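Colleague: Just entry26.cif, nothing more (mmCIF, N, CA and C atoms):
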```
data_coords
loop_
_atom_site.label_atom_id
_atom_site.label_comp_id
_atom_site.auth_asym_id
_atom_site.auth_seq_id
_atom_site.Cartn_x
_atom_site.Cartn_y
_atom_site.Cartn_z
N MET A 16 48.99 -34.87 -39.45
CA MET A 16 48.73 -35.27 -38.09
C MET A 16 49.89 -34.82 -37.20
N ILE A 17 49.57 -34.42 -35.98
CA ILE A 17 50.58 -34.04 -35.00
C ILE A 17 50.44 -34.99 -33.82
N LEU A 18 51.54 -35.68 -33.50
CA LEU A 18 51.54 -36.64 -32.41
C LEU A 18 52.52 -36.21 -31.33
N ASN A 19 52.18 -36.51 -30.08
CA ASN A 19 53.12 -36.37 -28.98
C ASN A 19 53.68 -37.76 -28.74
N LEU A 20 54.90 -38.00 -29.21
CA LEU A 20 55.50 -39.33 -29.10
C LEU A 20 55.82 -39.69 -27.65
N THR A 21 56.17 -38.71 -26.85
CA THR A 21 56.51 -38.96 -25.45
C THR A 21 55.30 -39.48 -24.68
N ARG A 22 54.14 -38.89 -24.91
CA ARG A 22 52.92 -39.25 -24.17
C ARG A 22 52.04 -40.23 -24.93
N ASN A 23 52.41 -40.53 -26.20
CA ASN A 23 51.61 -41.41 -27.06
C ASN A 23 50.18 -40.88 -27.22
N THR A 24 50.07 -39.57 -27.53
CA THR A 24 48.77 -38.94 -27.72
C THR A 24 48.74 -38.20 -29.06
N THR A 25 47.54 -38.01 -29.58
CA THR A 25 47.33 -37.21 -30.79
C THR A 25 47.03 -35.79 -30.37
N ILE A 26 47.77 -34.85 -30.96
CA ILE A 26 47.56 -33.44 -30.65
C ILE A 26 46.55 -32.84 -31.64
N ALA A 27 46.68 -33.18 -32.92
CA ALA A 27 45.75 -32.67 -33.94
C ALA A 27 45.76 -33.59 -35.15
N SER A 28 44.64 -33.62 -35.85
CA SER A 28 44.54 -34.46 -37.04
C SER A 28 44.34 -33.64 -38.32
N HIS A 29 43.91 -32.40 -38.19
CA HIS A 29 43.73 -31.54 -39.37
C HIS A 29 44.62 -30.31 -39.19
N ILE A 30 45.63 -30.19 -40.07
CA ILE A 30 46.66 -29.17 -39.88
C ILE A 30 46.71 -28.21 -41.06
N GLU A 31 46.89 -26.95 -40.74
CA GLU A 31 47.22 -25.92 -41.73
C GLU A 31 48.59 -25.39 -41.36
N ILE A 32 49.33 -24.92 -42.37
CA ILE A 32 50.66 -24.37 -42.13
C ILE A 32 50.72 -22.94 -42.64
N ALA A 33 51.18 -22.03 -41.80
CA ALA A 33 51.40 -20.63 -42.18
C ALA A 33 52.90 -20.45 -42.35
N GLN A 34 53.35 -20.38 -43.62
CA GLN A 34 54.77 -20.31 -43.90
C GLN A 34 55.22 -18.95 -44.41
N ASN A 35 54.39 -18.29 -45.21
CA ASN A 35 54.83 -17.01 -45.77
C ASN A 35 54.51 -15.89 -44.78
N PRO A 36 55.16 -14.75 -44.94
CA PRO A 36 55.00 -13.66 -43.95
C PRO A 36 53.55 -13.24 -43.72
N TRP A 37 52.75 -13.14 -44.76
CA TRP A 37 51.35 -12.72 -44.60
C TRP A 37 50.56 -13.74 -43.78
N ASP A 38 50.68 -15.04 -44.14
CA ASP A 38 49.94 -16.08 -43.42
C ASP A 38 50.41 -16.19 -41.97
N ARG A 39 51.70 -16.01 -41.73
CA ARG A 39 52.23 -16.07 -40.36
C ARG A 39 51.70 -14.90 -39.54
N MET A 40 51.64 -13.72 -40.13
CA MET A 40 51.15 -12.54 -39.42
C MET A 40 49.64 -12.68 -39.15
N LYS A 41 48.90 -13.17 -40.12
CA LYS A 41 47.44 -13.30 -40.00
C LYS A 41 47.04 -14.38 -39.01
N GLY A 42 47.71 -15.53 -39.05
CA GLY A 42 47.39 -16.62 -38.13
C GLY A 42 45.92 -16.99 -38.18
N LEU A 43 45.27 -16.94 -37.03
CA LEU A 43 43.85 -17.30 -36.93
C LEU A 43 42.92 -16.09 -36.96
N LEU A 44 43.46 -14.91 -37.22
CA LEU A 44 42.62 -13.70 -37.26
C LEU A 44 41.49 -13.87 -38.27
N GLY A 45 40.32 -13.42 -37.89
CA GLY A 45 39.16 -13.49 -38.76
C GLY A 45 38.33 -14.75 -38.57
N ARG A 46 38.87 -15.72 -37.88
CA ARG A 46 38.09 -16.94 -37.62
C ARG A 46 37.19 -16.72 -36.42
N ARG A 47 36.04 -17.36 -36.45
CA ARG A 47 35.10 -17.26 -35.34
C ARG A 47 35.18 -18.46 -34.40
N HIS A 48 35.78 -19.55 -34.88
CA HIS A 48 35.92 -20.74 -34.03
C HIS A 48 37.11 -21.57 -34.50
N PHE A 49 37.48 -22.50 -33.65
CA PHE A 49 38.63 -23.37 -33.89
C PHE A 49 38.20 -24.72 -33.31
N SER A 50 37.97 -25.69 -34.16
CA SER A 50 37.41 -26.97 -33.72
C SER A 50 38.46 -27.91 -33.18
N GLN A 51 38.04 -28.80 -32.28
CA GLN A 51 38.94 -29.83 -31.76
C GLN A 51 39.47 -30.64 -32.94
N GLY A 52 40.74 -30.99 -32.87
CA GLY A 52 41.38 -31.73 -33.95
C GLY A 52 42.10 -30.85 -34.95
N GLU A 53 41.82 -29.54 -34.92
CA GLU A 53 42.47 -28.60 -35.84
C GLU A 53 43.73 -28.03 -35.21
N ALA A 54 44.67 -27.63 -36.07
CA ALA A 54 45.88 -26.96 -35.61
C ALA A 54 46.40 -26.05 -36.72
N LEU A 55 47.04 -24.97 -36.32
CA LEU A 55 47.74 -24.09 -37.25
C LEU A 55 49.20 -24.07 -36.82
N ILE A 56 50.08 -24.48 -37.71
CA ILE A 56 51.51 -24.43 -37.46
C ILE A 56 52.03 -23.13 -38.06
N ILE A 57 52.70 -22.32 -37.24
CA ILE A 57 53.29 -21.07 -37.70
C ILE A 57 54.80 -21.26 -37.69
N THR A 58 55.40 -21.23 -38.88
CA THR A 58 56.84 -21.44 -39.00
C THR A 58 57.60 -20.19 -38.57
N HIS A 59 58.87 -20.35 -38.23
CA HIS A 59 59.75 -19.25 -37.82
C HIS A 59 59.08 -18.39 -36.76
N CYS A 60 58.66 -19.01 -35.68
CA CYS A 60 57.84 -18.33 -34.68
C CYS A 60 58.36 -18.60 -33.27
N GLN A 61 58.64 -17.51 -32.54
CA GLN A 61 59.10 -17.61 -31.16
C GLN A 61 58.11 -17.01 -30.15
N SER A 62 57.09 -16.34 -30.66
CA SER A 62 56.03 -15.79 -29.81
C SER A 62 54.83 -15.47 -30.70
N ILE A 63 53.68 -15.27 -30.07
CA ILE A 63 52.49 -14.91 -30.82
C ILE A 63 51.79 -13.74 -30.14
N HIS A 64 50.92 -13.10 -30.90
CA HIS A 64 50.03 -12.08 -30.33
C HIS A 64 48.60 -12.55 -30.53
N MET A 65 47.72 -12.06 -29.68
CA MET A 65 46.31 -12.41 -29.76
C MET A 65 45.44 -11.18 -30.04
N PHE A 66 46.06 -10.14 -30.64
CA PHE A 66 45.32 -8.92 -30.94
C PHE A 66 44.18 -9.22 -31.90
N PHE A 67 42.99 -8.76 -31.56
CA PHE A 67 41.79 -8.86 -32.37
C PHE A 67 41.26 -10.28 -32.53
N MET A 68 41.78 -11.22 -31.73
CA MET A 68 41.24 -12.58 -31.75
C MET A 68 39.90 -12.60 -31.03
N LYS A 69 39.08 -13.61 -31.35
CA LYS A 69 37.75 -13.70 -30.78
C LYS A 69 37.61 -14.83 -29.75
N PHE A 70 38.66 -15.64 -29.58
CA PHE A 70 38.58 -16.77 -28.67
C PHE A 70 39.98 -17.13 -28.17
N PRO A 71 40.07 -17.73 -26.99
CA PRO A 71 41.38 -18.16 -26.47
C PRO A 71 41.87 -19.42 -27.17
N ILE A 72 43.18 -19.66 -27.13
CA ILE A 72 43.78 -20.84 -27.74
C ILE A 72 44.90 -21.37 -26.84
N ASP A 73 45.33 -22.58 -27.13
CA ASP A 73 46.56 -23.14 -26.56
C ASP A 73 47.64 -23.05 -27.61
N VAL A 74 48.90 -22.88 -27.19
CA VAL A 74 50.01 -22.82 -28.13
C VAL A 74 51.17 -23.66 -27.60
N ILE A 75 51.70 -24.51 -28.48
CA ILE A 75 52.88 -25.30 -28.18
C ILE A 75 54.02 -24.76 -29.04
N PHE A 76 55.13 -24.39 -28.40
CA PHE A 76 56.31 -23.92 -29.12
C PHE A 76 57.34 -25.04 -29.18
N CYS A 77 57.87 -25.32 -30.38
CA CYS A 77 58.82 -26.42 -30.57
C CYS A 77 60.11 -25.92 -31.22
N ASP A 78 61.20 -26.62 -30.92
CA ASP A 78 62.48 -26.29 -31.54
C ASP A 78 62.65 -27.08 -32.85
N ARG A 79 63.81 -26.95 -33.47
CA ARG A 79 64.07 -27.62 -34.75
C ARG A 79 64.08 -29.15 -34.64
N GLN A 80 64.31 -29.65 -33.45
CA GLN A 80 64.31 -31.10 -33.23
C GLN A 80 62.92 -31.60 -32.82
N HIS A 81 61.93 -30.72 -32.91
CA HIS A 81 60.53 -31.04 -32.59
C HIS A 81 60.34 -31.37 -31.11
N ARG A 82 61.12 -30.74 -30.26
CA ARG A 82 60.95 -30.85 -28.81
C ARG A 82 60.17 -29.64 -28.32
N VAL A 83 59.29 -29.85 -27.38
CA VAL A 83 58.50 -28.76 -26.81
C VAL A 83 59.39 -27.89 -25.94
N VAL A 84 59.44 -26.59 -26.26
CA VAL A 84 60.26 -25.64 -25.49
C VAL A 84 59.41 -24.58 -24.79
N GLY A 85 58.11 -24.55 -25.09
CA GLY A 85 57.23 -23.58 -24.45
C GLY A 85 55.78 -23.98 -24.59
N LEU A 86 54.99 -23.64 -23.58
CA LEU A 86 53.56 -23.93 -23.58
C LEU A 86 52.79 -22.70 -23.12
N CYS A 87 51.70 -22.41 -23.81
CA CYS A 87 50.78 -21.34 -23.39
C CYS A 87 49.38 -21.94 -23.37
N ASN A 88 48.85 -22.13 -22.17
CA ASN A 88 47.51 -22.68 -22.00
C ASN A 88 46.48 -21.56 -22.00
N ASP A 89 45.46 -21.71 -22.82
CA ASP A 89 44.30 -20.82 -22.78
C ASP A 89 44.69 -19.35 -22.85
N ILE A 90 45.54 -19.00 -23.81
CA ILE A 90 45.96 -17.61 -23.97
C ILE A 90 44.78 -16.80 -24.52
N LYS A 91 44.48 -15.72 -23.86
CA LYS A 91 43.27 -14.93 -24.12
C LYS A 91 43.46 -13.90 -25.23
N PRO A 92 42.33 -13.51 -25.87
CA PRO A 92 42.40 -12.43 -26.86
C PRO A 92 43.04 -11.17 -26.28
N PHE A 93 43.72 -10.43 -27.14
CA PHE A 93 44.39 -9.17 -26.83
C PHE A 93 45.54 -9.32 -25.84
N SER A 94 46.19 -10.47 -25.86
CA SER A 94 47.37 -10.66 -25.02
C SER A 94 48.55 -11.12 -25.88
N LEU A 95 49.72 -11.20 -25.26
CA LEU A 95 50.94 -11.65 -25.92
C LEU A 95 51.46 -12.88 -25.21
N SER A 96 52.07 -13.77 -25.98
CA SER A 96 52.75 -14.90 -25.34
C SER A 96 54.14 -14.46 -24.92
N PRO A 97 54.75 -15.23 -24.03
CA PRO A 97 56.18 -14.99 -23.77
C PRO A 97 56.98 -15.28 -25.05
N ILE A 98 58.22 -14.86 -25.08
CA ILE A 98 59.11 -15.18 -26.18
C ILE A 98 59.89 -16.44 -25.79
N PHE A 99 59.86 -17.44 -26.66
CA PHE A 99 60.59 -18.68 -26.45
C PHE A 99 61.74 -18.70 -27.46
N PHE A 100 62.90 -18.24 -27.03
CA PHE A 100 64.03 -18.03 -27.93
C PHE A 100 64.50 -19.30 -28.63
N LYS A 101 64.28 -20.45 -28.04
CA LYS A 101 64.70 -21.71 -28.65
C LYS A 101 63.68 -22.25 -29.65
N ALA A 102 62.52 -21.62 -29.73
CA ALA A 102 61.45 -22.12 -30.61
C ALA A 102 61.75 -21.87 -32.08
N SER A 103 61.34 -22.83 -32.89
CA SER A 103 61.43 -22.73 -34.34
C SER A 103 60.05 -22.55 -34.96
N TYR A 104 59.04 -23.12 -34.31
CA TYR A 104 57.67 -22.98 -34.81
C TYR A 104 56.69 -23.09 -33.65
N ALA A 105 55.47 -22.63 -33.92
CA ALA A 105 54.40 -22.68 -32.93
C ALA A 105 53.25 -23.50 -33.49
N ILE A 106 52.59 -24.23 -32.61
CA ILE A 106 51.39 -24.98 -32.98
C ILE A 106 50.23 -24.36 -32.21
N GLU A 107 49.32 -23.71 -32.93
CA GLU A 107 48.14 -23.12 -32.30
C GLU A 107 47.02 -24.15 -32.32
N LEU A 108 46.35 -24.27 -31.18
CA LEU A 108 45.35 -25.31 -30.97
C LEU A 108 44.14 -24.77 -30.22
N PRO A 109 43.00 -25.47 -30.29
CA PRO A 109 41.87 -25.06 -29.46
C PRO A 109 42.23 -25.14 -27.98
N SER A 110 41.66 -24.26 -27.18
CA SER A 110 41.91 -24.28 -25.74
C SER A 110 41.58 -25.64 -25.15
N GLY A 111 42.41 -26.07 -24.23
CA GLY A 111 42.22 -27.36 -23.58
C GLY A 111 42.99 -28.49 -24.21
N ASN A 112 43.57 -28.24 -25.39
CA ASN A 112 44.27 -29.29 -26.11
C ASN A 112 45.58 -29.70 -25.46
N ILE A 113 46.30 -28.75 -24.85
CA ILE A 113 47.55 -29.10 -24.17
C ILE A 113 47.25 -30.07 -23.04
N ALA A 114 46.25 -29.78 -22.24
CA ALA A 114 45.89 -30.67 -21.13
C ALA A 114 45.38 -32.01 -21.65
N ALA A 115 44.54 -31.99 -22.68
CA ALA A 115 43.97 -33.22 -23.21
C ALA A 115 45.05 -34.15 -23.78
N SER A 116 46.08 -33.57 -24.39
CA SER A 116 47.16 -34.38 -24.97
C SER A 116 48.28 -34.66 -23.97
N LYS A 117 48.14 -34.09 -22.77
CA LYS A 117 49.12 -34.26 -21.69
C LYS A 117 50.52 -33.75 -22.07
N THR A 118 50.58 -32.81 -23.00
CA THR A 118 51.86 -32.30 -23.50
C THR A 118 52.59 -31.50 -22.42
N GLN A 119 53.91 -31.73 -22.31
CA GLN A 119 54.75 -31.06 -21.33
C GLN A 119 56.05 -30.61 -22.00
N ILE A 120 56.76 -29.72 -21.34
CA ILE A 120 58.06 -29.25 -21.81
C ILE A 120 58.97 -30.47 -22.02
N ALA A 121 59.74 -30.45 -23.10
CA ALA A 121 60.72 -31.48 -23.51
C ALA A 121 60.08 -32.69 -24.18
N ASP A 122 58.75 -32.73 -24.33
CA ASP A 122 58.14 -33.84 -25.06
C ASP A 122 58.58 -33.81 -26.52
N GLN A 123 58.62 -34.98 -27.13
CA GLN A 123 58.98 -35.12 -28.55
C GLN A 123 57.70 -35.11 -29.38
N ILE A 124 57.67 -34.21 -30.37
CA ILE A 124 56.51 -34.05 -31.25
C ILE A 124 56.84 -34.63 -32.63
N GLN A 125 55.84 -35.21 -33.27
CA GLN A 125 56.02 -35.70 -34.64
C GLN A 125 54.97 -35.08 -35.54
N LEU A 126 55.44 -34.48 -36.64
CA LEU A 126 54.54 -33.94 -37.67
C LEU A 126 54.58 -34.93 -38.82
N SER A 127 53.41 -35.41 -39.25
CA SER A 127 53.39 -36.38 -40.34
C SER A 127 52.19 -36.19 -41.24
N ALA A 128 52.36 -36.49 -42.50
CA ALA A 128 51.31 -36.44 -43.50
C ALA A 128 50.38 -35.26 -43.29
N VAL A 129 50.96 -34.06 -43.35
CA VAL A 129 50.23 -32.84 -43.09
C VAL A 129 49.13 -32.66 -44.13
N SER A 130 47.90 -32.41 -43.66
CA SER A 130 46.77 -32.16 -44.56
C SER A 130 46.41 -30.68 -44.50
N ALA A 131 45.89 -30.18 -45.59
CA ALA A 131 45.51 -28.76 -45.63
C ALA A 131 44.03 -28.59 -45.47
#
```
Could you take the file, read its structure, and then write that structure out as C-alpha coordinates?

Modeller:
Amino acid sequence: MILNLTRNTTIASHIEIAQNPWDRMKGLLGRRHFSQGEALIITHCQSIHMFFMKFPIDVIFCDRQHRVVGLCNDIKPFSLSPIFFKASYAIELPSGNIAASKTQIADQIQLSAVSA
(Lines of atoms letter the chains of each structure in order from A and count residues from 1; the text may use other names and numbers.)
(Lines give C-alpha, C1' and ligand atoms only; values in the text may rest on other atoms or scores of the structure.)
Protein backbone atom coordinates (compact mmCIF):
# COMPACT_ATOMS: atom_id res chain seq x y z
CA MET A 1 0.00 0.00 0.00
CA ILE A 2 1.15 3.56 -0.72
CA LEU A 3 -0.17 6.30 1.55
CA ASN A 4 0.18 10.06 1.47
CA LEU A 5 0.68 10.77 5.17
CA THR A 6 0.54 14.54 4.71
CA ARG A 7 -2.91 14.46 3.08
CA ASN A 8 -4.14 11.28 4.83
CA THR A 9 -5.01 9.68 1.47
CA THR A 10 -4.37 6.32 -0.19
CA ILE A 11 -2.36 6.56 -3.38
CA ALA A 12 -2.42 2.86 -4.34
CA SER A 13 -3.33 -0.49 -2.83
CA HIS A 14 -1.81 -2.93 -5.36
CA ILE A 15 1.90 -2.35 -5.97
CA GLU A 16 4.53 -3.85 -8.22
CA ILE A 17 8.22 -2.99 -7.90
CA ALA A 18 10.68 -2.74 -10.80
CA GLN A 19 14.12 -3.16 -9.21
CA ASN A 20 16.37 -4.85 -11.74
CA PRO A 21 17.61 -3.06 -14.87
CA TRP A 22 15.31 -4.95 -17.28
CA ASP A 23 12.14 -4.38 -15.22
CA ARG A 24 13.04 -0.71 -14.67
CA MET A 25 13.62 -0.17 -18.40
CA LYS A 26 10.42 -2.04 -19.37
CA GLY A 27 8.16 -0.34 -16.82
CA LEU A 28 4.57 -0.47 -18.08
CA LEU A 29 5.46 -1.18 -21.72
CA GLY A 30 3.23 -3.81 -23.27
CA ARG A 31 0.29 -3.15 -20.97
CA ARG A 32 -3.00 -2.08 -22.46
CA HIS A 33 -4.47 -0.60 -19.27
CA PHE A 34 -3.62 0.47 -15.75
CA SER A 35 -6.44 0.16 -13.22
CA GLN A 36 -7.23 2.51 -10.34
CA GLY A 37 -5.50 1.31 -7.19
CA GLU A 38 -2.48 -0.04 -9.09
CA ALA A 39 1.03 1.39 -8.96
CA LEU A 40 4.46 0.54 -10.31
CA ILE A 41 7.42 1.68 -8.23
CA ILE A 42 10.60 2.11 -10.28
CA THR A 43 13.70 2.15 -8.09
CA HIS A 44 16.79 4.30 -8.83
CA CYS A 45 14.71 6.58 -11.05
CA GLN A 46 14.98 10.32 -11.68
CA SER A 47 12.98 10.51 -14.91
CA ILE A 48 10.85 8.32 -17.16
CA HIS A 49 10.11 7.94 -20.84
CA MET A 50 6.75 7.15 -22.39
CA PHE A 51 8.04 5.73 -25.68
CA PHE A 52 5.65 3.14 -27.14
CA MET A 53 3.17 3.50 -24.27
CA LYS A 54 -0.52 3.16 -25.08
CA PHE A 55 -2.01 5.39 -22.38
CA PRO A 56 -1.12 8.43 -20.24
CA ILE A 57 -0.11 8.07 -16.58
CA ASP A 58 0.65 10.13 -13.48
CA VAL A 59 4.10 9.89 -11.89
CA ILE A 60 5.21 10.83 -8.38
CA PHE A 61 8.97 11.17 -7.84
CA CYS A 62 10.22 10.69 -4.25
CA ASP A 63 13.55 11.07 -2.49
CA ARG A 64 15.18 8.62 -0.06
CA GLN A 65 13.19 10.10 2.82
CA HIS A 66 9.95 9.36 0.90
CA ARG A 67 9.21 13.05 0.30
CA VAL A 68 7.63 14.06 -3.00
CA VAL A 69 10.19 15.96 -5.11
CA GLY A 70 8.42 15.88 -8.49
CA LEU A 71 5.00 15.39 -10.04
CA CYS A 72 3.97 14.61 -13.61
CA ASN A 73 0.23 14.73 -14.21
CA ASP A 74 -1.22 12.89 -17.19
CA ILE A 75 2.09 12.40 -19.00
CA LYS A 76 1.28 11.33 -22.56
CA PRO A 77 2.66 8.48 -24.68
CA PHE A 78 5.88 9.24 -26.59
CA SER A 79 7.00 11.97 -24.20
CA LEU A 80 9.69 12.39 -21.54
CA SER A 81 9.36 13.53 -17.96
CA PRO A 82 11.62 16.22 -16.55
CA ILE A 83 14.65 15.00 -14.61
CA PHE A 84 14.20 15.24 -10.84
CA PHE A 85 17.77 15.07 -9.56
CA LYS A 86 16.72 14.61 -5.93
CA ALA A 87 14.49 11.62 -6.76
CA SER A 88 15.34 8.12 -5.61
CA TYR A 89 12.31 6.35 -7.06
CA ALA A 90 9.22 6.95 -9.16
CA ILE A 91 5.66 5.82 -8.56
CA GLU A 92 3.73 5.32 -11.80
CA LEU A 93 -0.04 5.56 -11.42
CA PRO A 94 -3.21 5.74 -13.51
CA SER A 95 -3.94 9.24 -14.80
CA GLY A 96 -5.89 11.34 -12.34
CA ASN A 97 -4.39 9.68 -9.28
CA ILE A 98 -2.25 12.66 -8.24
CA ALA A 99 -5.32 14.90 -8.17
CA ALA A 100 -7.48 12.25 -6.49
CA SER A 101 -4.93 11.72 -3.70
CA LYS A 102 -4.29 15.49 -3.44
CA THR A 103 -0.54 14.79 -3.57
CA GLN A 104 1.74 17.84 -3.66
CA ILE A 105 5.47 18.59 -3.61
CA ALA A 106 7.05 17.92 -0.16
CA ASP A 107 4.27 15.53 0.96
CA GLN A 108 5.41 12.55 3.04
CA ILE A 109 4.78 9.16 1.41
CA GLN A 110 4.63 5.81 3.19
CA LEU A 111 5.24 2.47 1.48
CA SER A 112 3.93 -0.46 3.52
CA ALA A 113 3.19 -4.15 3.13
CA VAL A 114 3.98 -4.12 -0.58
CA SER A 115 1.97 -6.71 -2.53
CA ALA A 116 2.96 -8.13 -5.89

Colleague: Could you give me the axis-aligned bounding box of region 66-77 of chain A, with 4 Å of padding per side, as centre plus edge lengths in Å to one decimal, as JSON?

Modeller:
```
{"center_x": 48.9, "center_y": -17.6, "center_z": -29.5, "size_x": 30.5, "size_y": 25.7, "size_z": 14.1}
```

Colleague: Determine, counting only C-alpha atoms, which protein, DNA and RNA residues have an atom within 7 Å of an atom of His29 (chain A); residues of the same chain fewer than 3 positions away are not included. Present the result as a list in words.

Modeller: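 Here the qualifying residues turn out to be Met16, Gly52, Glu53, Ala54 and Ser130 of chain A.
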
Colleague: Convert the current residue selection to file output with N, CA and C atoms, as an mmCIF file, keeping the file's coordinate frame.

Modeller:
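Written file, out-v1.cif:
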```
data_model
loop_
_atom_site.group_PDB
_atom_site.id
_atom_site.type_symbol
_atom_site.label_atom_id
_atom_site.label_comp_id
_atom_site.auth_asym_id
_atom_site.auth_seq_id
_atom_site.Cartn_x
_atom_site.Cartn_y
_atom_site.Cartn_z
ATOM 1 N N MET A 16 48.990 -34.870 -39.450
ATOM 2 C CA MET A 16 48.730 -35.270 -38.090
ATOM 3 C C MET A 16 49.890 -34.820 -37.200
ATOM 4 N N GLY A 52 40.740 -30.990 -32.870
ATOM 5 C CA GLY A 52 41.380 -31.730 -33.950
ATOM 6 C C GLY A 52 42.100 -30.850 -34.950
ATOM 7 N N GLU A 53 41.820 -29.540 -34.920
ATOM 8 C CA GLU A 53 42.470 -28.600 -35.840
ATOM 9 C C GLU A 53 43.730 -28.030 -35.210
ATOM 10 N N ALA A 54 44.670 -27.630 -36.070
ATOM 11 C CA ALA A 54 45.880 -26.960 -35.610
ATOM 12 C C ALA A 54 46.400 -26.050 -36.720
ATOM 13 N N SER A 130 47.900 -32.410 -43.660
ATOM 14 C CA SER A 130 46.770 -32.160 -44.560
ATOM 15 C C SER A 130 46.410 -30.680 -44.500
#
```

Colleague: Could you tell me which residues the PyMOL selection byres ((chain A and resi 33) around 6) grabs in this file, written as a list in words?

Modeller: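 Applying the PyMOL selection byres ((chain A and resi 33) around 6) to the structure shown produces Glu31, Ile32, Gln34, Asn35, Asp38, Arg39, Leu55, Ile56, Ile57 and Thr58 of chain A.
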
Colleague: Considering all atoms listed in the file, can you say which of A:Ser28, A:Gln123, A:Gln61, A:Gln80 comes closest to Ala105 (chain A)?

Modeller: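 Distance minimum relative to Ala105 (chain A) lands on A:Gln61.
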
Colleague: When you draw a straight line from CA of Asp78 (chain A) to CA of Gly45 (chain A), how long is it in Å?

Modeller: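 Here the two named atoms are 27.6 Å from each other.
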
Colleague: Any chance you could list, as a list in words, the residues in chain A that come up helix (DSSP H, G or I) when DSSP is run on the backbone?

Modeller: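 Here are the helix (DSSP H, G or I) residues of chain A: Pro36, Trp37, Asp38, Arg39, Met40, Lys41, Asn112, Ile113, Ala114, Ala115 and Ser116 of chain A.
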
Colleague: Can you write out the residues you just picked, keeping N, CA and C atoms, as a PDB file, in the frame of the given file?

Modeller:
```
ATOM      1  N   PRO A  36      55.160 -14.750 -44.940  1.00  0.00           N
ATOM      2  CA  PRO A  36      55.000 -13.660 -43.950  1.00  0.00           C
ATOM      3  C   PRO A  36      53.550 -13.240 -43.720  1.00  0.00           C
ATOM      4  N   TRP A  37      52.750 -13.140 -44.760  1.00  0.00           N
ATOM      5  CA  TRP A  37      51.350 -12.720 -44.600  1.00  0.00           C
ATOM      6  C   TRP A  37      50.560 -13.740 -43.780  1.00  0.00           C
ATOM      7  N   ASP A  38      50.680 -15.040 -44.140  1.00  0.00           N
ATOM      8  CA  ASP A  38      49.940 -16.080 -43.420  1.00  0.00           C
ATOM      9  C   ASP A  38      50.410 -16.190 -41.970  1.00  0.00           C
ATOM     10  N   ARG A  39      51.700 -16.010 -41.730  1.00  0.00           N
ATOM     11  CA  ARG A  39      52.230 -16.070 -40.360  1.00  0.00           C
ATOM     12  C   ARG A  39      51.700 -14.900 -39.540  1.00  0.00           C
ATOM     13  N   MET A  40      51.640 -13.720 -40.130  1.00  0.00           N
ATOM     14  CA  MET A  40      51.150 -12.540 -39.420  1.00  0.00           C
ATOM     15  C   MET A  40      49.640 -12.680 -39.150  1.00  0.00           C
ATOM     16  N   LYS A  41      48.900 -13.170 -40.120  1.00  0.00           N
ATOM     17  CA  LYS A  41      47.440 -13.300 -40.000  1.00  0.00           C
ATOM     18  C   LYS A  41      47.040 -14.380 -39.010  1.00  0.00           C
ATOM     19  N   ASN A 112      43.570 -28.240 -25.390  1.00  0.00           N
ATOM     20  CA  ASN A 112      44.270 -29.290 -26.110  1.00  0.00           C
ATOM     21  C   ASN A 112      45.580 -29.700 -25.460  1.00  0.00           C
ATOM     22  N   ILE A 113      46.300 -28.750 -24.850  1.00  0.00           N
ATOM     23  CA  ILE A 113      47.550 -29.100 -24.170  1.00  0.00           C
ATOM     24  C   ILE A 113      47.250 -30.070 -23.040  1.00  0.00           C
ATOM     25  N   ALA A 114      46.250 -29.780 -22.240  1.00  0.00           N
ATOM     26  CA  ALA A 114      45.890 -30.670 -21.130  1.00  0.00           C
ATOM     27  C   ALA A 114      45.380 -32.010 -21.650  1.00  0.00           C
ATOM     28  N   ALA A 115      44.540 -31.990 -22.680  1.00  0.00           N
ATOM     29  CA  ALA A 115      43.970 -33.220 -23.210  1.00  0.00           C
ATOM     30  C   ALA A 115      45.050 -34.150 -23.780  1.00  0.00           C
ATOM     31  N   SER A 116      46.080 -33.570 -24.390  1.00  0.00           N
ATOM     32  CA  SER A 116      47.160 -34.380 -24.970  1.00  0.00           C
ATOM     33  C   SER A 116      48.280 -34.660 -23.970  1.00  0.00           C
TER      34      SER A 116
END
```

Colleague: Residues within 7 Å of Val83 (chain A), please, as a VMD selection string. Count all atoms listed in the file; anything in the same chain fewer than 3 positions from it doesn't count.

Modeller: chain A and resid 75 to 78 80 86 119 to 124

Colleague: Find the residues near Ile98 (chain A): any atom within 12 Å, counting only C-alpha atoms, skip ones fewer than 4 places away on the same chain, and give them as a PyMOL selection string.

Modeller: chain A and resi 60-64+76+84-87+102-105

Colleague: Under the rule that only C-alpha atoms are counted, which of A:Ile113, A:Met68, A:Leu20, A:Ala27 is the nearest residue to Leu43 (chain A)?

Modeller: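 Checking each candidate against Leu43 (chain A), we get A:Met68 as the closest.
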
Colleague: Interatomic distance between CA of Arg47 (chain A) and CA of Val74 (chain A)?

Modeller: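 Taking CA of Arg47 (chain A) as the start and CA of Val74 (chain A) as the end point, the length is 17.5 Å.
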
Colleague: List as a list in words the protein and nucleic acid residues near Ser110 (chain A), meaning an atom at most 6 Å away when all atoms listed in the file are counted, but skip any in the same chain fewer than 3 places from it.

Modeller: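 Listed by chain and then number, they are Pro71, Ile72, Asp73, Asp89 and Ile113 of chain A.
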
Colleague: Show me as a list in words the residues that reach within 6 Å of (37.6, -17.7, -33.4), counting only C-alpha atoms and using the file's own coordinates.

Modeller: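 Result, sorted by chain then residue number: Arg46, Arg47, His48, Phe49, Lys69 and Phe70 of chain A.
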
Colleague: As a count of residues only, please: all residues of region 24-124 of chain A that backbone DSSP puts in strand (DSSP E).

Modeller: 36

Colleague: Would you mind telling me which residue in A:Leu108, A:Leu95, A:Leu126, A:Ile90 lies nearest to Ile17 (chain A) when using only N, CA and C atoms?

Modeller: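 The closest residue to Ile17 (chain A) is A:Leu126.
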
Colleague: Please compute the CA of Ile26 (chain A)-CA of Phe66 (chain A) distance, one decimal, in Å.

Modeller: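 We find that CA of Ile26 (chain A) and CA of Phe66 (chain A) lie 24.6 Å from each other.
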
Colleague: Point out the residue among A:Leu18, A:Gly111, A:Lys117, A:Lys101 with the least atom-to-atom distance to Asn88 (chain A), counting only N, CA and C atoms.

Modeller: A:Gly111
